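Student: Would you mind keeping the following structure in view while I ask a few things?
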Amino acid sequence: MEAAAKQFKKRNAILTCLRQTALHPSAEMVHEMLHEEYPDISLATVYRNLSHFKRQGLIRSLGTVNGVERFDAVTEPHVHFVCTHCGAVLDMPGLELPQALCCNAEQHSGCRVEGCQLTFTGLCGSCLCSKTC
């Protein structure tokens, strides 16, 4: 019974960690963020719970950035920017997904679009400054 309670505590900590950061972390980043408070948490536990949360619709995968899968606890459709130099993933509040694009995709494909992810790529402000400053 105690082991199950300990496991749910870690599961809740993983979800809370994702919800409290804007970093769009990888499993390794989540593991690192939680390791001090939960020194016995394994990377396998983090991966297993992230997979569980994805299946439940509590988080979503943003795909891979520099070969590493990144996650977001904000599941409502929104726009991202990925820095091609440092790998930062940033939300772009104020930009809306173009509904006309989804309608156009449906018309051209004969399929029903149920989701859309829009990601811009380039250099973030920090990397741009370091290259020009």
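Naming works like this for the structure tokens: A, B, ... for the chains as they're shown, residue 1 at the start of each chain, ligands 1 onward in shown order.
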Do a neighbour search on stretch 58-72 of chain A at 6 Å with only C-alpha atoms, toss out local chain neighbours closer than 4 positions, and write the hits as number ranges by chain.

Tutor: A: 24-26, 53-54

Student: Taking the DSSP secondary structure from the backbone, can you list the residues of chain A that are strand (DSSP E), as a list in words?

Tutor: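 The residues of chain A classed as strand (DSSP E) are Arg60, Ser61, Leu62, Gly63, Thr64, Val65, Val68, Glu69, Arg70, Phe71, Asp72, His80, Phe81, Val82, Cys83, Val89, Leu90, Asp91, Thr119, Phe120, Thr121 and Gly122 of chain A.
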
Student: Only N, CA, C and O atoms, please: the residues just picked out, written as a PDB file, in the first residue's frame.

Tutor:
ATOM      1  N   ARG A  60       0.671  16.910 -24.029  1.00  0.00           N
ATOM      2  CA  ARG A  60       0.876  16.521 -25.422  1.00  0.00           C
ATOM      3  C   ARG A  60       2.348  16.577 -25.763  1.00  0.00           C
ATOM      4  O   ARG A  60       3.125  17.312 -25.155  1.00  0.00           O
ATOM      5  N   SER A  61       2.699  15.795 -26.721  1.00  0.00           N
ATOM      6  CA  SER A  61       4.063  15.787 -27.235  1.00  0.00           C
ATOM      7  C   SER A  61       4.166  16.850 -28.310  1.00  0.00           C
ATOM      8  O   SER A  61       3.274  16.989 -29.145  1.00  0.00           O
ATOM      9  N   LEU A  62       5.253  17.601 -28.262  1.00  0.00           N
ATOM     10  CA  LEU A  62       5.494  18.606 -29.300  1.00  0.00           C
ATOM     11  C   LEU A  62       6.359  18.063 -30.417  1.00  0.00           C
ATOM     12  O   LEU A  62       6.745  18.785 -31.312  1.00  0.00           O
ATOM     13  N   GLY A  63       6.698  16.780 -30.321  1.00  0.00           N
ATOM     14  CA  GLY A  63       7.609  16.188 -31.283  1.00  0.00           C
ATOM     15  C   GLY A  63       9.032  16.318 -30.776  1.00  0.00           C
ATOM     16  O   GLY A  63       9.257  16.621 -29.605  1.00  0.00           O
ATOM     17  N   THR A  64       9.972  16.109 -31.655  1.00  0.00           N
ATOM     18  CA  THR A  64      11.372  16.133 -31.223  1.00  0.00           C
ATOM     19  C   THR A  64      12.037  17.456 -31.577  1.00  0.00           C
ATOM     20  O   THR A  64      11.773  18.039 -32.625  1.00  0.00           O
ATOM     21  N   VAL A  65      12.867  17.894 -30.668  1.00  0.00           N
ATOM     22  CA  VAL A  65      13.700  19.074 -30.863  1.00  0.00           C
ATOM     23  C   VAL A  65      15.128  18.617 -30.613  1.00  0.00           C
ATOM     24  O   VAL A  65      15.434  18.105 -29.538  1.00  0.00           O
ATOM     25  N   VAL A  68      15.226  15.032 -29.331  1.00  0.00           N
ATOM     26  CA  VAL A  68      14.664  14.703 -28.016  1.00  0.00           C
ATOM     27  C   VAL A  68      13.196  15.128 -27.983  1.00  0.00           C
ATOM     28  O   VAL A  68      12.869  16.270 -28.326  1.00  0.00           O
ATOM     29  N   GLU A  69      12.313  14.212 -27.557  1.00  0.00           N
ATOM     30  CA  GLU A  69      10.889  14.532 -27.474  1.00  0.00           C
ATOM     31  C   GLU A  69      10.645  15.544 -26.368  1.00  0.00           C
ATOM     32  O   GLU A  69      11.172  15.425 -25.269  1.00  0.00           O
ATOM     33  N   ARG A  70       9.818  16.551 -26.667  1.00  0.00           N
ATOM     34  CA  ARG A  70       9.489  17.598 -25.707  1.00  0.00           C
ATOM     35  C   ARG A  70       7.990  17.567 -25.433  1.00  0.00           C
ATOM     36  O   ARG A  70       7.193  17.166 -26.290  1.00  0.00           O
ATOM     37  N   PHE A  71       7.589  18.021 -24.241  1.00  0.00           N
ATOM     38  CA  PHE A  71       6.210  17.896 -23.782  1.00  0.00           C
ATOM     39  C   PHE A  71       5.643  19.241 -23.352  1.00  0.00           C
ATOM     40  O   PHE A  71       6.374  20.141 -22.949  1.00  0.00           O
ATOM     41  N   ASP A  72       4.316  19.335 -23.408  1.00  0.00           N
ATOM     42  CA  ASP A  72       3.605  20.553 -23.034  1.00  0.00           C
ATOM     43  C   ASP A  72       2.369  20.164 -22.247  1.00  0.00           C
ATOM     44  O   ASP A  72       1.608  19.288 -22.676  1.00  0.00           O
ATOM     45  N   HIS A  80       3.807  27.627 -31.350  1.00  0.00           N
ATOM     46  CA  HIS A  80       5.127  27.528 -30.722  1.00  0.00           C
ATOM     47  C   HIS A  80       6.212  28.091 -31.643  1.00  0.00           C
ATOM     48  O   HIS A  80       6.036  28.165 -32.858  1.00  0.00           O
ATOM     49  N   PHE A  81       7.334  28.429 -31.018  1.00  0.00           N
ATOM     50  CA  PHE A  81       8.545  28.807 -31.729  1.00  0.00           C
ATOM     51  C   PHE A  81       9.657  27.920 -31.194  1.00  0.00           C
ATOM     52  O   PHE A  81       9.815  27.780 -29.978  1.00  0.00           O
ATOM     53  N   VAL A  82      10.434  27.299 -32.086  1.00  0.00           N
ATOM     54  CA  VAL A  82      11.556  26.451 -31.693  1.00  0.00           C
ATOM     55  C   VAL A  82      12.834  27.079 -32.221  1.00  0.00           C
ATOM     56  O   VAL A  82      12.964  27.341 -33.421  1.00  0.00           O
ATOM     57  N   CYS A  83      13.774  27.327 -31.308  1.00  0.00           N
ATOM     58  CA  CYS A  83      15.065  27.883 -31.702  1.00  0.00           C
ATOM     59  C   CYS A  83      15.921  26.772 -32.303  1.00  0.00           C
ATOM     60  O   CYS A  83      16.146  25.733 -31.670  1.00  0.00           O
ATOM     61  N   VAL A  89      11.990  26.041 -26.678  1.00  0.00           N
ATOM     62  CA  VAL A  89      10.634  25.969 -27.214  1.00  0.00           C
ATOM     63  C   VAL A  89       9.816  27.014 -26.470  1.00  0.00           C
ATOM     64  O   VAL A  89       9.730  26.988 -25.240  1.00  0.00           O
ATOM     65  N   LEU A  90       9.247  27.940 -27.216  1.00  0.00           N
ATOM     66  CA  LEU A  90       8.520  29.059 -26.619  1.00  0.00           C
ATOM     67  C   LEU A  90       7.082  29.085 -27.105  1.00  0.00           C
ATOM     68  O   LEU A  90       6.807  28.814 -28.279  1.00  0.00           O
ATOM     69  N   ASP A  91       6.166  29.409 -26.197  1.00  0.00           N
ATOM     70  CA  ASP A  91       4.788  29.673 -26.597  1.00  0.00           C
ATOM     71  C   ASP A  91       4.744  31.041 -27.258  1.00  0.00           C
ATOM     72  O   ASP A  91       5.509  31.940 -26.916  1.00  0.00           O
ATOM     73  N   THR A 119       4.229  25.485 -35.719  1.00  0.00           N
ATOM     74  CA  THR A 119       5.512  25.751 -35.075  1.00  0.00           C
ATOM     75  C   THR A 119       6.388  26.553 -36.012  1.00  0.00           C
ATOM     76  O   THR A 119       6.644  26.143 -37.144  1.00  0.00           O
ATOM     77  N   PHE A 120       6.841  27.692 -35.534  1.00  0.00           N
ATOM     78  CA  PHE A 120       7.810  28.494 -36.251  1.00  0.00           C
ATOM     79  C   PHE A 120       9.198  28.069 -35.789  1.00  0.00           C
ATOM     80  O   PHE A 120       9.379  27.659 -34.643  1.00  0.00           O
ATOM     81  N   THR A 121      10.183  28.179 -36.661  1.00  0.00           N
ATOM     82  CA  THR A 121      11.562  27.870 -36.302  1.00  0.00           C
ATOM     83  C   THR A 121      12.456  29.034 -36.690  1.00  0.00           C
ATOM     84  O   THR A 121      12.125  29.817 -37.580  1.00  0.00           O
ATOM     85  N   GLY A 122      13.567  29.145 -36.005  1.00  0.00           N
ATOM     86  CA  GLY A 122      14.528  30.200 -36.276  1.00  0.00           C
ATOM     87  C   GLY A 122      15.393  30.420 -35.055  1.00  0.00           C
ATOM     88  O   GLY A 122      15.579  29.501 -34.250  1.00  0.00           O
TER      89      GLY A 122
END

Student: Near stretch 37-39 of chain A, within 12 Å and counting only C-alpha atoms, which residues show up once chain neighbours fewer than 4 positions away are dropped, as a VMD selection string?

Tutor: chain A and resid 6 to 7 9 to 14 17 30 to 33 43 45 to 46

Student: The selected residues should be written to file as a PDB file, in the first residue's frame (atoms: N, CA, C and O atoms).

Tutor:
ATOM      1  N   LYS A   6       3.446   6.025  -2.753  1.00  0.00           N
ATOM      2  CA  LYS A   6       4.698   6.677  -3.148  1.00  0.00           C
ATOM      3  C   LYS A   6       4.738   6.871  -4.662  1.00  0.00           C
ATOM      4  O   LYS A   6       5.172   7.907  -5.153  1.00  0.00           O
ATOM      5  N   GLN A   7       4.262   5.865  -5.409  1.00  0.00           N
ATOM      6  CA  GLN A   7       4.246   5.950  -6.867  1.00  0.00           C
ATOM      7  C   GLN A   7       3.301   7.053  -7.334  1.00  0.00           C
ATOM      8  O   GLN A   7       3.626   7.802  -8.244  1.00  0.00           O
ATOM      9  N   LYS A   9       2.469   9.679  -5.670  1.00  0.00           N
ATOM     10  CA  LYS A   9       3.088  10.945  -5.299  1.00  0.00           C
ATOM     11  C   LYS A   9       4.066  11.393  -6.387  1.00  0.00           C
ATOM     12  O   LYS A   9       4.099  12.558  -6.764  1.00  0.00           O
ATOM     13  N   LYS A  10       4.839  10.452  -6.903  1.00  0.00           N
ATOM     14  CA  LYS A  10       5.771  10.771  -7.990  1.00  0.00           C
ATOM     15  C   LYS A  10       5.014  11.128  -9.259  1.00  0.00           C
ATOM     16  O   LYS A  10       5.385  12.076  -9.966  1.00  0.00           O
ATOM     17  N   ARG A  11       3.955  10.381  -9.557  1.00  0.00           N
ATOM     18  CA  ARG A  11       3.146  10.667 -10.749  1.00  0.00           C
ATOM     19  C   ARG A  11       2.590  12.081 -10.677  1.00  0.00           C
ATOM     20  O   ARG A  11       2.664  12.842 -11.645  1.00  0.00           O
ATOM     21  N   ASN A  12       2.054  12.443  -9.530  1.00  0.00           N
ATOM     22  CA  ASN A  12       1.511  13.790  -9.357  1.00  0.00           C
ATOM     23  C   ASN A  12       2.606  14.848  -9.460  1.00  0.00           C
ATOM     24  O   ASN A  12       2.388  15.924 -10.013  1.00  0.00           O
ATOM     25  N   ALA A  13       3.789  14.538  -8.932  1.00  0.00           N
ATOM     26  CA  ALA A  13       4.904  15.483  -9.002  1.00  0.00           C
ATOM     27  C   ALA A  13       5.337  15.715 -10.453  1.00  0.00           C
ATOM     28  O   ALA A  13       5.658  16.846 -10.832  1.00  0.00           O
ATOM     29  N   ILE A  14       5.317  14.677 -11.260  1.00  0.00           N
ATOM     30  CA  ILE A  14       5.691  14.800 -12.678  1.00  0.00           C
ATOM     31  C   ILE A  14       4.705  15.706 -13.401  1.00  0.00           C
ATOM     32  O   ILE A  14       5.094  16.621 -14.134  1.00  0.00           O
ATOM     33  N   CYS A  17       5.094  19.289 -12.207  1.00  0.00           N
ATOM     34  CA  CYS A  17       6.318  19.848 -12.788  1.00  0.00           C
ATOM     35  C   CYS A  17       6.042  20.366 -14.201  1.00  0.00           C
ATOM     36  O   CYS A  17       6.431  21.479 -14.554  1.00  0.00           O
ATOM     37  N   VAL A  30      12.581  16.802 -17.007  1.00  0.00           N
ATOM     38  CA  VAL A  30      11.650  16.582 -15.894  1.00  0.00           C
ATOM     39  C   VAL A  30      12.349  15.788 -14.802  1.00  0.00           C
ATOM     40  O   VAL A  30      12.256  16.125 -13.609  1.00  0.00           O
ATOM     41  N   HIS A  31      13.045  14.737 -15.196  1.00  0.00           N
ATOM     42  CA  HIS A  31      13.776  13.904 -14.227  1.00  0.00           C
ATOM     43  C   HIS A  31      14.766  14.757 -13.432  1.00  0.00           C
ATOM     44  O   HIS A  31      14.834  14.668 -12.206  1.00  0.00           O
ATOM     45  N   GLU A  32      15.497  15.598 -14.133  1.00  0.00           N
ATOM     46  CA  GLU A  32      16.484  16.456 -13.469  1.00  0.00           C
ATOM     47  C   GLU A  32      15.812  17.447 -12.515  1.00  0.00           C
ATOM     48  O   GLU A  32      16.293  17.693 -11.415  1.00  0.00           O
ATOM     49  N   MET A  33      14.682  18.018 -12.931  1.00  0.00           N
ATOM     50  CA  MET A  33      13.977  18.985 -12.092  1.00  0.00           C
ATOM     51  C   MET A  33      13.434  18.348 -10.812  1.00  0.00           C
ATOM     52  O   MET A  33      13.333  19.014  -9.787  1.00  0.00           O
ATOM     53  N   LEU A  43      14.407   7.565 -14.333  1.00  0.00           N
ATOM     54  CA  LEU A  43      14.052   8.105 -15.641  1.00  0.00           C
ATOM     55  C   LEU A  43      12.952   7.258 -16.280  1.00  0.00           C
ATOM     56  O   LEU A  43      12.055   7.779 -16.941  1.00  0.00           O
ATOM     57  N   THR A  45      10.516   5.807 -14.719  1.00  0.00           N
ATOM     58  CA  THR A  45       9.258   6.241 -14.100  1.00  0.00           C
ATOM     59  C   THR A  45       8.745   7.497 -14.781  1.00  0.00           C
ATOM     60  O   THR A  45       7.549   7.627 -15.062  1.00  0.00           O
ATOM     61  N   VAL A  46       9.645   8.429 -15.065  1.00  0.00           N
ATOM     62  CA  VAL A  46       9.242   9.666 -15.748  1.00  0.00           C
ATOM     63  C   VAL A  46       8.697   9.336 -17.134  1.00  0.00           C
ATOM     64  O   VAL A  46       7.605   9.786 -17.504  1.00  0.00           O
TER      65      VAL A  46
END

Student: Pick from A:Leu50, A:Cys111, A:Leu101, A:Leu123: nearest to A:Gly87, with only C-alpha atoms counted?

Tutor: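 When distances to A:Gly87 are compared using only C-alpha atoms, the smallest one comes from A:Leu123.
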
Student: Within 12 Å of A:Gln56, counting only C-alpha atoms, which residues qualify if same-chain residues fewer than 6 places away don't, as an mmCIF file with C-alpha atoms, in the first residue's frame?

Tutor:
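Output (part.cif):
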data_model
loop_
_atom_site.group_PDB
_atom_site.id
_atom_site.type_symbol
_atom_site.label_atom_id
_atom_site.label_comp_id
_atom_site.auth_asym_id
_atom_site.auth_seq_id
_atom_site.Cartn_x
_atom_site.Cartn_y
_atom_site.Cartn_z
ATOM 1 C CA LEU A 15 2.393 16.310 -13.839
ATOM 2 C CA ASN A 49 4.153 8.514 -16.573
ATOM 3 C CA LEU A 50 4.607 10.908 -19.487
ATOM 4 C CA ALA A 73 0.969 20.544 -20.296
ATOM 5 C CA THR A 75 -3.276 20.962 -24.361
#

Student: Which neighbours of A:Arg112 fall inside 9 Å, counting only C-alpha atoms, when residues of the same chain fewer than 5 positions from it are skipped, and could you give them as a PDB file with N, CA and C atoms, in the first residue's frame?

Tutor:
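selection_16.pdb was written with the following content:
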ATOM      1  N   CYS A 102      -7.122  24.974 -41.668  1.00  0.00           N
ATOM      2  CA  CYS A 102      -7.731  23.677 -41.354  1.00  0.00           C
ATOM      3  C   CYS A 102      -8.865  23.368 -42.327  1.00  0.00           C
ATOM      4  N   CYS A 103      -9.690  24.360 -42.599  1.00  0.00           N
ATOM      5  CA  CYS A 103     -10.794  24.162 -43.555  1.00  0.00           C
ATOM      6  C   CYS A 103     -10.254  23.851 -44.950  1.00  0.00           C
ATOM      7  N   ALA A 105      -7.389  22.456 -45.645  1.00  0.00           N
ATOM      8  CA  ALA A 105      -6.820  21.102 -45.603  1.00  0.00           C
ATOM      9  C   ALA A 105      -7.924  20.060 -45.749  1.00  0.00           C
ATOM     10  N   GLU A 106      -9.055  20.293 -45.096  1.00  0.00           N
ATOM     11  CA  GLU A 106     -10.177  19.358 -45.211  1.00  0.00           C
ATOM     12  C   GLU A 106     -10.700  19.303 -46.645  1.00  0.00           C
ATOM     13  N   GLN A 107     -10.842  20.461 -47.258  1.00  0.00           N
ATOM     14  CA  GLN A 107     -11.356  20.519 -48.622  1.00  0.00           C
ATOM     15  C   GLN A 107     -10.425  19.816 -49.603  1.00  0.00           C
TER      16      GLN A 107
END

Student: If you measure from atom CA of A:Thr16 to atom CA of A:Leu34, what distance in Å do you get, rounded to one decimal?

Tutor: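 Computing it gives 10.3 Å between the two atoms.
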
Student: Which of these residues is nearest to A:Ser130, using only C-alpha atoms: A:Ser51, A:His85, A:Glu114, A:Pro93?

Tutor: A:His85

Student: Considering only helix (DSSP H, G or I) as DSSP defines it on the backbone, what residues of chain A qualify? List them as a ChimeraX atom specification.

Tutor: /A:2-19,27-35,43-56,99-109,125-132

Student: Extract, using only C-alpha atoms, all DNA, RNA and protein residues at most 10 Å from A:Glu96, discarding same-chain residues fewer than 3 positions from it, and format them as a PyMOL selection string.

Tutor: chain A and resi 77-79+92-93+99+118

Student: Pick out the closest residue to A:Ala22 from this set: A:Glu36, A:Ala88, A:Ile41, A:Cys124. Count only C-alpha atoms.

Tutor: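 Going through A:Glu36, A:Ala88, A:Ile41, A:Cys124 one by one, the smallest distance to A:Ala22 is for A:Ala88.
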